[in-house]
>>> print(open('data_29.tsv').read())   # TSV, N, CA and C atoms
chain	number	residue	atom	x	y	z
A	1	MET	N	75.94	101.89	114.73
A	1	MET	CA	75.84	101.80	116.17
A	1	MET	C	74.36	101.68	116.56
A	2	GLU	N	74.05	100.70	117.34
A	2	GLU	CA	72.67	100.45	117.75
A	2	GLU	C	72.30	101.33	118.93
A	3	LYS	N	71.14	101.99	118.83
A	3	LYS	CA	70.64	102.80	119.93
A	3	LYS	C	70.01	101.89	120.97
A	4	VAL	N	70.27	102.19	122.23
A	4	VAL	CA	69.72	101.42	123.33
A	4	VAL	C	68.84	102.35	124.15
A	5	PHE	N	67.63	101.92	124.43
A	5	PHE	CA	66.68	102.73	125.17
A	5	PHE	C	66.35	102.06	126.50
A	6	LEU	N	66.01	102.87	127.49
A	6	LEU	CA	65.53	102.32	128.75
A	6	LEU	C	64.16	101.69	128.53
A	7	THR	N	63.89	100.64	129.25
A	7	THR	CA	62.57	100.01	129.17
A	7	THR	C	61.62	100.75	130.10
A	8	GLU	N	60.33	100.50	129.93
A	8	GLU	CA	59.32	101.08	130.83
A	8	GLU	C	59.62	100.71	132.28
A	9	ASP	N	60.03	99.47	132.51
A	9	ASP	CA	60.34	99.01	133.87
A	9	ASP	C	61.54	99.76	134.45
A	10	GLU	N	62.54	100.03	133.62
A	10	GLU	CA	63.72	100.76	134.10
A	10	GLU	C	63.36	102.21	134.44
A	11	ILE	N	62.54	102.83	133.61
A	11	ILE	CA	62.12	104.20	133.90
A	11	ILE	C	61.25	104.22	135.16
A	12	ALA	N	60.36	103.23	135.30
A	12	ALA	CA	59.51	103.13	136.48
A	12	ALA	C	60.36	102.96	137.74
A	13	ALA	N	61.44	102.18	137.65
A	13	ALA	CA	62.32	101.97	138.79
A	13	ALA	C	62.96	103.29	139.22
A	14	ILE	N	63.39	104.10	138.26
A	14	ILE	CA	63.96	105.42	138.57
A	14	ILE	C	62.89	106.32	139.17
A	15	ARG	N	61.72	106.27	138.58
A	15	ARG	CA	60.60	107.10	139.04
A	15	ARG	C	60.17	106.76	140.46
A	16	ASN	N	60.33	105.52	140.84
A	16	ASN	CA	59.85	105.06	142.14
A	16	ASN	C	60.91	105.06	143.24
A	17	VAL	N	62.11	105.55	142.94
A	17	VAL	CA	63.13	105.67	143.98
A	17	VAL	C	62.61	106.67	145.01
A	18	ASP	N	62.69	106.28	146.28
A	18	ASP	CA	62.19	107.13	147.36
A	18	ASP	C	63.19	108.25	147.64
A	19	ILE	N	62.81	109.45	147.29
A	19	ILE	CA	63.68	110.62	147.46
A	19	ILE	C	62.92	111.64	148.30
A	20	LYS	N	63.66	112.36	149.13
A	20	LYS	CA	63.05	113.35	150.03
A	20	LYS	C	62.29	114.41	149.23
A	21	THR	N	61.02	114.60	149.58
A	21	THR	CA	60.18	115.60	148.93
A	21	THR	C	60.77	116.99	149.11
A	22	GLY	N	60.82	117.75	148.05
A	22	GLY	CA	61.33	119.12	148.10
A	22	GLY	C	62.83	119.22	147.91
A	23	SER	N	63.50	118.10	147.74
A	23	SER	CA	64.95	118.13	147.59
A	23	SER	C	65.36	118.38	146.13
A	24	VAL	N	66.61	118.78	145.95
A	24	VAL	CA	67.14	118.96	144.60
A	24	VAL	C	67.14	117.63	143.86
A	25	MET	N	67.40	116.54	144.58
A	25	MET	CA	67.38	115.22	143.94
A	25	MET	C	65.99	114.89	143.40
A	26	GLU	N	64.94	115.33	144.08
A	26	GLU	CA	63.59	115.09	143.58
A	26	GLU	C	63.38	115.83	142.25
A	27	ILE	N	63.88	117.05	142.18
A	27	ILE	CA	63.78	117.82	140.93
A	27	ILE	C	64.55	117.11	139.82
A	28	HIS	N	65.74	116.63	140.12
A	28	HIS	CA	66.54	115.92	139.11
A	28	HIS	C	65.83	114.65	138.65
A	29	GLN	N	65.25	113.93	139.60
A	29	GLN	CA	64.50	112.72	139.26
A	29	GLN	C	63.33	113.06	138.34
A	30	ASP	N	62.59	114.10	138.69
A	30	ASP	CA	61.45	114.51	137.87
A	30	ASP	C	61.89	114.96	136.48
A	31	MET	N	62.99	115.69	136.40
A	31	MET	CA	63.48	116.14	135.10
A	31	MET	C	63.88	114.96	134.22
A	32	PHE	N	64.55	113.98	134.81
A	32	PHE	CA	64.97	112.81	134.04
A	32	PHE	C	63.76	112.03	133.53
A	33	VAL	N	62.80	111.79	134.41
A	33	VAL	CA	61.60	111.04	134.02
A	33	VAL	C	60.82	111.83	132.98
A	34	PHE	N	60.66	113.14	133.18
A	34	PHE	CA	59.96	113.99	132.22
A	34	PHE	C	60.64	113.91	130.86
A	35	ALA	N	61.96	114.05	130.83
A	35	ALA	CA	62.70	114.00	129.57
A	35	ALA	C	62.53	112.64	128.90
A	36	SER	N	62.53	111.59	129.69
A	36	SER	CA	62.37	110.24	129.14
A	36	SER	C	61.01	110.07	128.48
A	37	TYR	N	59.97	110.57	129.13
A	37	TYR	CA	58.62	110.39	128.60
A	37	TYR	C	58.28	111.37	127.49
A	38	THR	N	59.08	112.39	127.30
A	38	THR	CA	58.82	113.33	126.20
A	38	THR	C	59.80	113.11	125.05
A	39	GLY	N	60.15	111.88	124.83
A	39	GLY	CA	60.96	111.53	123.67
A	39	GLY	C	62.44	111.66	123.86
A	40	GLY	N	62.90	111.73	125.09
A	40	GLY	CA	64.34	111.82	125.33
A	40	GLY	C	64.89	113.21	125.11
A	41	LEU	N	64.18	114.22	125.56
A	41	LEU	CA	64.67	115.59	125.42
A	41	LEU	C	66.09	115.71	125.97
A	42	ARG	N	66.92	116.44	125.27
A	42	ARG	CA	68.27	116.71	125.76
A	42	ARG	C	68.20	117.71	126.92
A	43	VAL	N	69.19	117.65	127.78
A	43	VAL	CA	69.24	118.56	128.92
A	43	VAL	C	69.23	120.01	128.43
A	44	SER	N	69.96	120.29	127.36
A	44	SER	CA	70.02	121.66	126.84
A	44	SER	C	68.63	122.17	126.44
A	45	ASP	N	67.80	121.29	125.90
A	45	ASP	CA	66.45	121.68	125.51
A	45	ASP	C	65.52	121.72	126.72
A	46	LEU	N	65.71	120.80	127.63
A	46	LEU	CA	64.90	120.75	128.85
A	46	LEU	C	65.06	122.04	129.66
A	47	LEU	N	66.28	122.53	129.74
A	47	LEU	CA	66.57	123.72	130.54
A	47	LEU	C	66.03	125.01	129.92
A	48	THR	N	65.66	124.97	128.65
A	48	THR	CA	65.14	126.17	128.00
A	48	THR	C	63.61	126.22	127.99
A	49	LEU	N	62.96	125.16	128.48
A	49	LEU	CA	61.49	125.12	128.46
A	49	LEU	C	60.88	126.23	129.31
A	50	ARG	N	59.79	126.76	128.83
A	50	ARG	CA	59.01	127.79	129.54
A	50	ARG	C	57.56	127.33	129.55
A	51	TRP	N	56.80	127.83	130.51
A	51	TRP	CA	55.38	127.47	130.59
A	51	TRP	C	54.65	127.80	129.30
A	52	GLU	N	55.05	128.87	128.65
A	52	GLU	CA	54.38	129.28	127.41
A	52	GLU	C	54.63	128.28	126.26
A	53	ASP	N	55.59	127.39	126.42
A	53	ASP	CA	55.85	126.36	125.41
A	53	ASP	C	54.85	125.20	125.50
A	54	PHE	N	54.03	125.20	126.52
A	54	PHE	CA	53.10	124.11	126.76
A	54	PHE	C	51.67	124.62	126.61
A	55	ASP	N	50.88	123.97	125.76
A	55	ASP	CA	49.50	124.43	125.52
A	55	ASP	C	48.45	123.60	126.26
A	56	GLY	N	48.90	122.76	127.16
A	56	GLY	CA	47.98	121.89	127.90
A	56	GLY	C	47.99	120.47	127.38
A	57	VAL	N	48.48	120.28	126.16
A	57	VAL	CA	48.56	118.96	125.54
A	57	VAL	C	49.95	118.72	124.94
A	58	ASN	N	50.46	119.72	124.24
A	58	ASN	CA	51.73	119.59	123.51
A	58	ASN	C	52.78	120.58	124.00
A	59	LEU	N	54.03	120.16	123.88
A	59	LEU	CA	55.17	121.06	124.08
A	59	LEU	C	55.64	121.49	122.70
A	60	SER	N	55.84	122.76	122.51
A	60	SER	CA	56.42	123.28	121.27
A	60	SER	C	57.78	123.84	121.63
A	61	ILE	N	58.81	123.22	121.09
A	61	ILE	CA	60.16	123.63	121.47
A	61	ILE	C	61.02	123.85	120.23
A	62	PHE	N	62.09	124.61	120.43
A	62	PHE	CA	63.12	124.78	119.42
A	62	PHE	C	64.30	123.93	119.87
A	63	VAL	N	64.64	122.92	119.10
A	63	VAL	CA	65.71	121.99	119.45
A	63	VAL	C	67.05	122.64	119.11
A	64	GLN	N	67.88	122.83	120.14
A	64	GLN	CA	69.15	123.52	119.97
A	64	GLN	C	70.08	122.80	118.99
A	65	LYS	N	70.21	121.49	119.13
A	65	LYS	CA	71.18	120.72	118.33
A	65	LYS	C	70.83	120.73	116.85
A	66	THR	N	69.56	120.53	116.53
A	66	THR	CA	69.16	120.43	115.13
A	66	THR	C	68.64	121.74	114.55
A	67	LYS	N	68.48	122.74	115.40
A	67	LYS	CA	67.96	124.05	114.98
A	67	LYS	C	66.60	123.91	114.30
A	68	SER	N	65.75	123.06	114.88
A	68	SER	CA	64.43	122.85	114.30
A	68	SER	C	63.36	122.94	115.39
A	69	HIS	N	62.14	123.21	114.94
A	69	HIS	CA	61.00	123.27	115.86
A	69	HIS	C	60.39	121.89	115.97
A	70	LEU	N	59.89	121.57	117.16
A	70	LEU	CA	59.34	120.25	117.42
A	70	LEU	C	58.12	120.39	118.31
A	71	SER	N	57.09	119.63	118.01
A	71	SER	CA	55.89	119.58	118.84
A	71	SER	C	55.79	118.17	119.41
A	72	ILE	N	55.67	118.07	120.73
A	72	ILE	CA	55.64	116.77	121.40
A	72	ILE	C	54.36	116.67	122.21
A	73	LYS	N	53.58	115.63	121.95
A	73	LYS	CA	52.40	115.38	122.78
A	73	LYS	C	52.90	114.85	124.12
A	74	VAL	N	52.49	115.51	125.19
A	74	VAL	CA	52.98	115.18	126.52
A	74	VAL	C	52.13	114.05	127.12
A	75	PRO	N	52.76	112.90	127.42
A	75	PRO	CA	52.02	111.78	127.99
A	75	PRO	C	51.63	112.04	129.45
A	76	ASN	N	50.72	111.24	129.97
A	76	ASN	CA	50.17	111.46	131.31
A	76	ASN	C	51.22	111.52	132.41
A	77	VAL	N	52.22	110.67	132.37
A	77	VAL	CA	53.25	110.69	133.41
A	77	VAL	C	53.94	112.05	133.43
A	78	ALA	N	54.27	112.57	132.26
A	78	ALA	CA	54.93	113.87	132.17
A	78	ALA	C	53.96	115.00	132.56
A	79	LEU	N	52.67	114.85	132.24
A	79	LEU	CA	51.67	115.84	132.66
A	79	LEU	C	51.59	115.92	134.18
A	80	ASP	N	51.68	114.76	134.84
A	80	ASP	CA	51.66	114.74	136.31
A	80	ASP	C	52.85	115.50	136.88
A	81	ILE	N	54.00	115.37	136.25
A	81	ILE	CA	55.19	116.09	136.72
A	81	ILE	C	55.01	117.59	136.51
A	82	LEU	N	54.48	118.00	135.36
A	82	LEU	CA	54.22	119.43	135.13
A	82	LEU	C	53.24	119.98	136.16
A	83	ALA	N	52.19	119.24	136.44
A	83	ALA	CA	51.18	119.69	137.41
A	83	ALA	C	51.80	119.88	138.79
A	84	LYS	N	52.75	119.05	139.12
A	84	LYS	CA	53.42	119.11	140.43
A	84	LYS	C	54.13	120.45	140.63
A	85	TYR	N	54.64	121.03	139.56
A	85	TYR	CA	55.44	122.26	139.65
A	85	TYR	C	54.69	123.50	139.19
A	86	TYR	N	53.55	123.36	138.58
A	86	TYR	CA	52.87	124.49	137.96
A	86	TYR	C	52.59	125.64	138.93
A	87	ASP	N	51.91	125.36	140.01
A	87	ASP	CA	51.55	126.44	140.95
A	87	ASP	C	52.77	127.10	141.58
A	88	ARG	N	53.81	126.32	141.79
A	88	ARG	CA	55.01	126.83	142.44
A	88	ARG	C	55.85	127.71	141.53
A	89	TYR	N	55.90	127.38	140.23
A	89	TYR	CA	56.87	128.04	139.36
A	89	TYR	C	56.31	128.76	138.14
A	90	ARG	N	55.02	128.80	137.97
A	90	ARG	CA	54.46	129.38	136.73
A	90	ARG	C	54.74	130.86	136.57
A	91	ASP	N	55.00	131.59	137.64
A	91	ASP	CA	55.24	133.03	137.57
A	91	ASP	C	56.72	133.40	137.56
A	92	TRP	N	57.61	132.45	137.39
A	92	TRP	CA	59.06	132.71	137.47
A	92	TRP	C	59.63	133.34	136.21
A	93	GLU	N	58.89	133.42	135.16
A	93	GLU	CA	59.48	133.89	133.90
A	93	GLU	C	59.56	135.38	133.84
>>> encode(input="data_29.tsv", output="structure tokens")
Amino acid sequence: MEKVFLTEDEIAAIRNVDIKTGSVMEIHQDMFVFASYTGGLRVSDLLTLRWEDFDGVNLSIFVQKTKSHLSIKVPNVALDILAKYYDRYRDWE
């Protein structure tokens, strides 16, 4: 079975959909784009992320499905999304 990936243009189209700031849909949009740019993180792994998993450059996560540790260099688009939420949510843990 051949794997099919979204193109940069398709991800950009999702990223550029005009959604009301502060809405749940904006959070969902950001989560999808973040997951796409960090190697296609599964929702189960995305939901377990904590600020302490991020060192400013890389995400260190435990992948639920494979039971393995993974380090992902976070690209600039995903860094921008993290920065957007950092001040608001960094103390929630």
>>> residues_around(input="data_29.tsv", residues="range 31-37 of chain A", least_positions_apart="5", cutoff="9 Å", atoms="only C-alpha atoms", output="ChimeraX atom specification")
/A:6,11-12,14-15,26,42-43,46,74-79,81-82
>>> residues_around(input="data_29.tsv", residues="Ser60 in chain A", least_positions_apart="5", cutoff="8 Å", atoms="only N, CA and C atoms", output="ChimeraX atom specification")
/A:49,52-55,69-73
>>> closest_residue(input="data_29.tsv", among="A:Asp80, A:Gly40, A:Lys65, A:Ser23", to="Val4 in chain A", atoms="only C-alpha atoms")
A:Gly40
>>> axis_aligned_box(input="data_29.tsv", around="range 5-23 of chain A", padding_each_side="4 Å", output="lines of an AutoDock Vina configuration file")
center_x = 63.5
center_y = 109.1
center_z = 137.2
size_x = 16.3
size_y = 28.2
size_z = 33.6
>>> atom_distance(input="data_29.tsv", atom1="atom N of Asn58 in chain A", atom2="CA of Ala13 in chain A")
25.8 Å
